[in-house]
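Data file: target.txt. Format and content: compact mmCIF, N, CA, C and O atoms.
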```
# COMPACT_ATOMS: atom_id res chain seq x y z
N LEU A 116 16.28 26.29 39.45
CA LEU A 116 14.98 25.70 39.72
C LEU A 116 14.45 25.13 38.42
O LEU A 116 14.63 25.73 37.37
N SER A 117 13.83 23.99 38.46
CA SER A 117 13.22 23.42 37.27
C SER A 117 11.90 22.77 37.64
O SER A 117 11.65 22.45 38.79
N ALA A 118 11.07 22.61 36.62
CA ALA A 118 9.76 21.98 36.78
C ALA A 118 9.40 21.32 35.47
O ALA A 118 10.00 21.62 34.43
N ALA A 119 8.42 20.43 35.51
CA ALA A 119 7.98 19.76 34.29
C ALA A 119 6.46 19.69 34.25
O ALA A 119 5.82 19.46 35.27
N LEU A 120 5.92 19.93 33.06
CA LEU A 120 4.50 19.72 32.83
C LEU A 120 4.32 18.31 32.29
O LEU A 120 5.13 17.84 31.48
N HIS A 121 3.27 17.65 32.70
CA HIS A 121 2.96 16.32 32.19
C HIS A 121 1.61 16.40 31.50
O HIS A 121 0.61 16.78 32.12
N ALA A 122 1.58 16.07 30.21
CA ALA A 122 0.34 16.07 29.44
C ALA A 122 0.00 14.63 29.09
O ALA A 122 0.65 14.02 28.24
N GLU A 123 -0.98 14.09 29.75
CA GLU A 123 -1.35 12.69 29.55
C GLU A 123 -1.93 12.44 28.15
O GLU A 123 -1.70 11.39 27.57
N HIS A 124 -2.66 13.41 27.62
CA HIS A 124 -3.33 13.25 26.32
C HIS A 124 -3.01 14.42 25.39
O HIS A 124 -3.88 15.26 25.11
N PRO A 125 -1.78 14.51 24.89
CA PRO A 125 -1.40 15.67 24.08
C PRO A 125 -2.09 15.75 22.72
O PRO A 125 -1.99 16.77 22.04
N HIS A 126 -2.83 14.73 22.34
CA HIS A 126 -3.55 14.76 21.07
C HIS A 126 -4.85 15.57 21.17
O HIS A 126 -5.40 16.00 20.16
N LEU A 127 -5.32 15.83 22.38
CA LEU A 127 -6.57 16.57 22.56
C LEU A 127 -6.35 18.07 22.35
O LEU A 127 -5.40 18.64 22.90
N PRO A 128 -7.23 18.71 21.58
CA PRO A 128 -7.07 20.15 21.32
C PRO A 128 -7.01 21.01 22.58
O PRO A 128 -6.21 21.94 22.66
N GLU A 129 -7.79 20.69 23.59
CA GLU A 129 -7.79 21.50 24.81
C GLU A 129 -6.49 21.34 25.59
O GLU A 129 -6.02 22.27 26.25
N VAL A 130 -5.88 20.17 25.52
CA VAL A 130 -4.59 19.96 26.17
C VAL A 130 -3.50 20.73 25.44
O VAL A 130 -2.66 21.39 26.04
N ARG A 131 -3.53 20.69 24.11
CA ARG A 131 -2.54 21.43 23.32
C ARG A 131 -2.68 22.93 23.54
O ARG A 131 -1.69 23.65 23.63
N GLU A 132 -3.91 23.39 23.68
CA GLU A 132 -4.14 24.82 23.95
C GLU A 132 -3.58 25.20 25.31
O GLU A 132 -2.95 26.26 25.47
N ALA A 133 -3.77 24.36 26.31
CA ALA A 133 -3.23 24.62 27.64
C ALA A 133 -1.70 24.62 27.61
O ALA A 133 -1.06 25.49 28.23
N LEU A 134 -1.09 23.68 26.90
CA LEU A 134 0.37 23.65 26.78
C LEU A 134 0.90 24.89 26.07
O LEU A 134 1.94 25.42 26.43
N ALA A 135 0.18 25.34 25.05
CA ALA A 135 0.62 26.50 24.27
C ALA A 135 0.76 27.74 25.14
O ALA A 135 1.57 28.63 24.83
N ALA A 136 0.01 27.82 26.21
CA ALA A 136 0.11 28.98 27.12
C ALA A 136 1.49 29.07 27.77
O ALA A 136 1.89 30.14 28.23
N PHE A 137 2.22 27.96 27.81
CA PHE A 137 3.54 27.93 28.43
C PHE A 137 4.68 28.11 27.42
O PHE A 137 5.84 28.21 27.81
N ALA A 138 4.36 28.10 26.13
CA ALA A 138 5.39 28.24 25.09
C ALA A 138 5.71 29.72 24.91
O ALA A 138 4.96 30.47 24.32
N GLU A 139 6.82 30.15 25.47
CA GLU A 139 7.24 31.54 25.36
C GLU A 139 8.68 31.56 24.81
O GLU A 139 9.39 30.56 24.92
N PRO A 140 9.10 32.65 24.21
CA PRO A 140 10.36 32.65 23.45
C PRO A 140 11.65 32.77 24.26
O PRO A 140 12.72 32.55 23.71
N ARG A 141 11.60 33.10 25.53
CA ARG A 141 12.85 33.37 26.26
C ARG A 141 13.64 32.13 26.62
O ARG A 141 14.86 32.15 26.65
N PHE A 142 12.96 31.03 26.91
CA PHE A 142 13.63 29.83 27.39
C PHE A 142 13.20 28.63 26.57
O PHE A 142 12.10 28.59 26.03
N LEU A 143 14.06 27.61 26.51
CA LEU A 143 13.70 26.35 25.88
C LEU A 143 12.86 25.53 26.84
O LEU A 143 13.03 25.60 28.05
N HIS A 144 11.96 24.77 26.28
CA HIS A 144 11.08 23.90 27.06
C HIS A 144 11.18 22.50 26.45
O HIS A 144 10.35 22.12 25.63
N GLN A 145 12.23 21.79 26.81
CA GLN A 145 12.48 20.47 26.23
C GLN A 145 11.29 19.56 26.47
O GLN A 145 10.83 19.43 27.60
N THR A 146 10.79 18.95 25.40
CA THR A 146 9.59 18.12 25.49
C THR A 146 9.92 16.72 25.00
O THR A 146 10.52 16.55 23.95
N ARG A 147 9.53 15.72 25.79
CA ARG A 147 9.87 14.33 25.50
C ARG A 147 8.64 13.43 25.63
O ARG A 147 7.70 13.74 26.36
N THR A 148 8.69 12.30 24.92
CA THR A 148 7.69 11.25 25.06
C THR A 148 8.37 9.91 24.89
O THR A 148 9.39 9.80 24.21
N ARG A 149 7.83 8.90 25.52
CA ARG A 149 8.38 7.55 25.40
C ARG A 149 7.54 6.79 24.37
O ARG A 149 6.32 6.78 24.44
N THR A 150 8.20 6.18 23.40
CA THR A 150 7.54 5.39 22.38
C THR A 150 8.07 3.96 22.45
O THR A 150 9.00 3.67 23.20
N HIS A 151 7.50 3.08 21.64
CA HIS A 151 7.99 1.69 21.59
C HIS A 151 9.44 1.65 21.12
O HIS A 151 10.19 0.75 21.49
N GLY A 152 9.84 2.64 20.32
CA GLY A 152 11.21 2.70 19.83
C GLY A 152 12.18 3.40 20.76
O GLY A 152 13.36 3.52 20.46
N GLY A 153 11.69 3.90 21.88
CA GLY A 153 12.54 4.61 22.84
C GLY A 153 12.06 6.03 23.08
O GLY A 153 10.96 6.41 22.68
N LEU A 154 12.91 6.81 23.70
CA LEU A 154 12.58 8.19 24.04
C LEU A 154 12.73 9.09 22.81
O LEU A 154 13.73 9.01 22.10
N ARG A 155 11.73 9.94 22.56
CA ARG A 155 11.80 10.91 21.47
C ARG A 155 11.52 12.27 22.05
O ARG A 155 10.80 12.41 23.03
N GLY A 156 12.08 13.32 21.42
CA GLY A 156 11.86 14.64 21.95
C GLY A 156 12.19 15.76 21.00
O GLY A 156 12.73 15.55 19.92
N THR A 157 11.85 16.96 21.44
CA THR A 157 12.19 18.20 20.75
C THR A 157 12.87 19.11 21.78
O THR A 157 12.71 18.94 22.98
N ASP A 158 13.58 20.09 21.27
CA ASP A 158 14.26 21.03 22.17
C ASP A 158 13.33 22.11 22.70
O ASP A 158 13.67 22.80 23.65
N ASP A 159 12.15 22.26 22.09
CA ASP A 159 11.24 23.30 22.56
C ASP A 159 9.79 22.86 22.42
O ASP A 159 9.42 22.18 21.45
N LEU A 160 8.98 23.26 23.35
CA LEU A 160 7.55 22.94 23.36
C LEU A 160 6.87 23.48 22.11
O LEU A 160 6.01 22.82 21.53
N ASP A 161 7.25 24.67 21.67
CA ASP A 161 6.67 25.26 20.48
C ASP A 161 6.83 24.35 19.27
O ASP A 161 5.90 24.15 18.50
N THR A 162 8.01 23.76 19.12
CA THR A 162 8.27 22.83 18.03
C THR A 162 7.40 21.59 18.16
O THR A 162 6.87 21.08 17.17
N ALA A 163 7.23 21.09 19.37
CA ALA A 163 6.38 19.92 19.59
C ALA A 163 4.93 20.21 19.21
O ALA A 163 4.26 19.38 18.61
N LEU A 164 4.46 21.40 19.55
CA LEU A 164 3.06 21.75 19.29
C LEU A 164 2.78 22.02 17.81
O LEU A 164 1.69 21.74 17.33
N THR A 165 3.74 22.57 17.10
CA THR A 165 3.48 22.98 15.72
C THR A 165 4.01 22.00 14.68
O THR A 165 3.60 22.06 13.52
N GLY A 166 4.89 21.09 15.07
CA GLY A 166 5.49 20.19 14.10
C GLY A 166 4.97 18.78 14.21
O GLY A 166 4.04 18.48 14.96
N ARG A 167 5.59 17.90 13.46
CA ARG A 167 5.26 16.48 13.49
C ARG A 167 6.42 15.66 14.04
O ARG A 167 6.47 14.46 13.86
N ASP A 168 7.35 16.33 14.73
CA ASP A 168 8.54 15.65 15.24
C ASP A 168 8.24 14.75 16.43
O ASP A 168 8.98 13.81 16.70
N LEU A 169 7.17 15.04 17.14
CA LEU A 169 6.87 14.32 18.37
C LEU A 169 5.49 13.67 18.27
O LEU A 169 4.50 14.36 18.07
N PRO A 170 5.41 12.34 18.37
CA PRO A 170 4.10 11.69 18.32
C PRO A 170 3.25 12.10 19.52
O PRO A 170 3.78 12.32 20.60
N ASP A 171 1.95 12.23 19.29
CA ASP A 171 1.08 12.66 20.39
C ASP A 171 0.16 11.54 20.89
O ASP A 171 -0.83 11.79 21.54
N ALA A 172 0.53 10.29 20.61
CA ALA A 172 -0.27 9.16 21.08
C ALA A 172 0.15 8.72 22.48
O ALA A 172 -0.55 7.93 23.11
N THR A 173 1.28 9.23 22.96
CA THR A 173 1.77 8.90 24.30
C THR A 173 1.95 10.19 25.08
O THR A 173 2.08 11.27 24.48
N PRO A 174 1.96 10.15 26.41
CA PRO A 174 2.09 11.36 27.22
C PRO A 174 3.37 12.14 26.93
O PRO A 174 4.41 11.55 26.61
N TRP A 175 3.27 13.44 27.03
CA TRP A 175 4.42 14.35 26.88
C TRP A 175 4.82 14.87 28.25
O TRP A 175 3.99 15.11 29.11
N ARG A 176 6.12 15.10 28.41
CA ARG A 176 6.63 15.82 29.57
C ARG A 176 7.49 16.95 29.04
O ARG A 176 8.40 16.73 28.26
N SER A 177 7.20 18.16 29.48
CA SER A 177 7.93 19.34 29.04
C SER A 177 8.66 19.94 30.22
O SER A 177 8.06 20.31 31.23
N HIS A 178 9.98 20.04 30.10
CA HIS A 178 10.87 20.45 31.19
C HIS A 178 11.20 21.94 31.06
O HIS A 178 11.58 22.40 30.00
N PHE A 179 11.06 22.66 32.14
CA PHE A 179 11.30 24.09 32.17
C PHE A 179 12.43 24.40 33.15
O PHE A 179 12.47 23.84 34.24
N HIS A 180 13.31 25.30 32.76
CA HIS A 180 14.30 25.84 33.68
C HIS A 180 13.85 27.24 34.06
O HIS A 180 13.52 28.04 33.19
N VAL A 181 13.82 27.51 35.33
CA VAL A 181 13.37 28.81 35.83
C VAL A 181 14.57 29.51 36.45
O VAL A 181 15.11 29.06 37.47
N PRO A 182 15.04 30.61 35.82
CA PRO A 182 16.21 31.30 36.37
C PRO A 182 15.86 32.02 37.68
O PRO A 182 14.79 32.59 37.82
N LEU A 183 16.77 31.98 38.60
CA LEU A 183 16.62 32.70 39.85
C LEU A 183 17.69 33.78 39.90
O LEU A 183 18.87 33.50 39.77
N HIS A 184 17.28 34.99 40.03
CA HIS A 184 18.23 36.11 40.07
C HIS A 184 18.18 36.79 41.42
O HIS A 184 17.17 36.95 42.01
```
Can the structure from this file be put into structure tokens for me?
Amino acid sequence: LSAALHAEHPHLPEVREALAAFAEPRFLHQTRTRTHGGLRGTDDLDTALTGRDLPDATPWRSHFHVPLH
């Protein structure tokens, strides 16, 4: 099972705070954004939120894999 969060305005502090609630250490949360130069991304939402690897002027989509046991 998988799902994705879509953050239209990731530069806003309240949006980043809401996204941070989903950043947990067990699973990767691949996060991507489309720029004029193409698709850019990080392997984890935590990296996107704390680093400068991902521009926040365009919407972010963070992909989650949910294990089913």
- Show which residues sit within 8 Å of His126 of chain A, as a PyMOL selection string. Count all atoms listed in the file, and ignore same-chain residues fewer than 2 positions away. chain A and resi 122-124+128-131+170-175
Store the residues picked out above in a file with N, CA, C and O atoms, as a CSV table (one decimal), in the coordinates of the input.
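As a result, part22.csv now contains:
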```csv
chain,number,residue,atom,x,y,z
A,122,ALA,N,1.6,16.1,30.2
A,122,ALA,CA,0.3,16.1,29.4
A,122,ALA,C,0.0,14.6,29.1
A,122,ALA,O,0.6,14.0,28.2
A,123,GLU,N,-1.0,14.1,29.8
A,123,GLU,CA,-1.4,12.7,29.6
A,123,GLU,C,-1.9,12.4,28.2
A,123,GLU,O,-1.7,11.4,27.6
A,124,HIS,N,-2.7,13.4,27.6
A,124,HIS,CA,-3.3,13.2,26.3
A,124,HIS,C,-3.0,14.4,25.4
A,124,HIS,O,-3.9,15.3,25.1
A,128,PRO,N,-7.2,18.7,21.6
A,128,PRO,CA,-7.1,20.2,21.3
A,128,PRO,C,-7.0,21.0,22.6
A,128,PRO,O,-6.2,21.9,22.7
A,129,GLU,N,-7.8,20.7,23.6
A,129,GLU,CA,-7.8,21.5,24.8
A,129,GLU,C,-6.5,21.3,25.6
A,129,GLU,O,-6.0,22.3,26.2
A,130,VAL,N,-5.9,20.2,25.5
A,130,VAL,CA,-4.6,20.0,26.2
A,130,VAL,C,-3.5,20.7,25.4
A,130,VAL,O,-2.7,21.4,26.0
A,131,ARG,N,-3.5,20.7,24.1
A,131,ARG,CA,-2.5,21.4,23.3
A,131,ARG,C,-2.7,22.9,23.5
A,131,ARG,O,-1.7,23.6,23.6
A,170,PRO,N,5.4,12.3,18.4
A,170,PRO,CA,4.1,11.7,18.3
A,170,PRO,C,3.2,12.1,19.5
A,170,PRO,O,3.8,12.3,20.6
A,171,ASP,N,2.0,12.2,19.3
A,171,ASP,CA,1.1,12.7,20.4
A,171,ASP,C,0.2,11.5,20.9
A,171,ASP,O,-0.8,11.8,21.5
A,172,ALA,N,0.5,10.3,20.6
A,172,ALA,CA,-0.3,9.2,21.1
A,172,ALA,C,0.2,8.7,22.5
A,172,ALA,O,-0.6,7.9,23.1
A,173,THR,N,1.3,9.2,23.0
A,173,THR,CA,1.8,8.9,24.3
A,173,THR,C,2.0,10.2,25.1
A,173,THR,O,2.1,11.3,24.5
A,174,PRO,N,2.0,10.2,26.4
A,174,PRO,CA,2.1,11.4,27.2
A,174,PRO,C,3.4,12.1,26.9
A,174,PRO,O,4.4,11.6,26.6
A,175,TRP,N,3.3,13.4,27.0
A,175,TRP,CA,4.4,14.4,26.9
A,175,TRP,C,4.8,14.9,28.2
A,175,TRP,O,4.0,15.1,29.1
```
- Query: How many Å separate atom CA of Asp159 of chain A from atom N of Pro182 of chain A?
  - Reply: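 Between atom CA of Asp159 of chain A and atom N of Pro182 of chain A the gap works out to 15.6 Å.
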- Task: Find the residue from A:Ser177, A:Leu127, A:Leu160, A:Arg167 that sits nearest to Pro140 of chain A; use only C-alpha atoms when measuring.
- Result: A:Leu160
- atom CA of His151 of chain A to atom CA of Gly166 of chain A: how many Å, to one decimal?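 For atom CA of His151 of chain A relative to atom CA of Gly166 of chain A, the distance reads 20.1 Å.
Among A:Ala118, A:Asp161, A:Arg176, A:Leu134, the residue with the shortest atom-to-atom distance to Arg147 of chain A, counting only N, CA, C and O atoms, is A:Arg176.
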- Which of chain A counts as helix (DSSP H, G or I) under DSSP, as a ChimeraX atom specification please? /A:128-135,160-165
- Mind pulling up the distance from atom CA of Leu169 of chain A to atom CA of Ala119 of chain A?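 Between atom CA of Ala119 of chain A and atom CA of Leu169 of chain A the gap works out to 16.9 Å.
All residues in chain A with a DSSP state of strand (DSSP E), computed from the backbone, read Ser117, Ala118, Ala119, Leu120, His121, Ala122, His144, Gln145, Thr146, Arg147, Thr148, Arg149, Thr150, Gly153, Leu154, Arg155, Gly156, Thr157, Trp175, Arg176, Ser177, His178, Phe179 and His180 of chain A.
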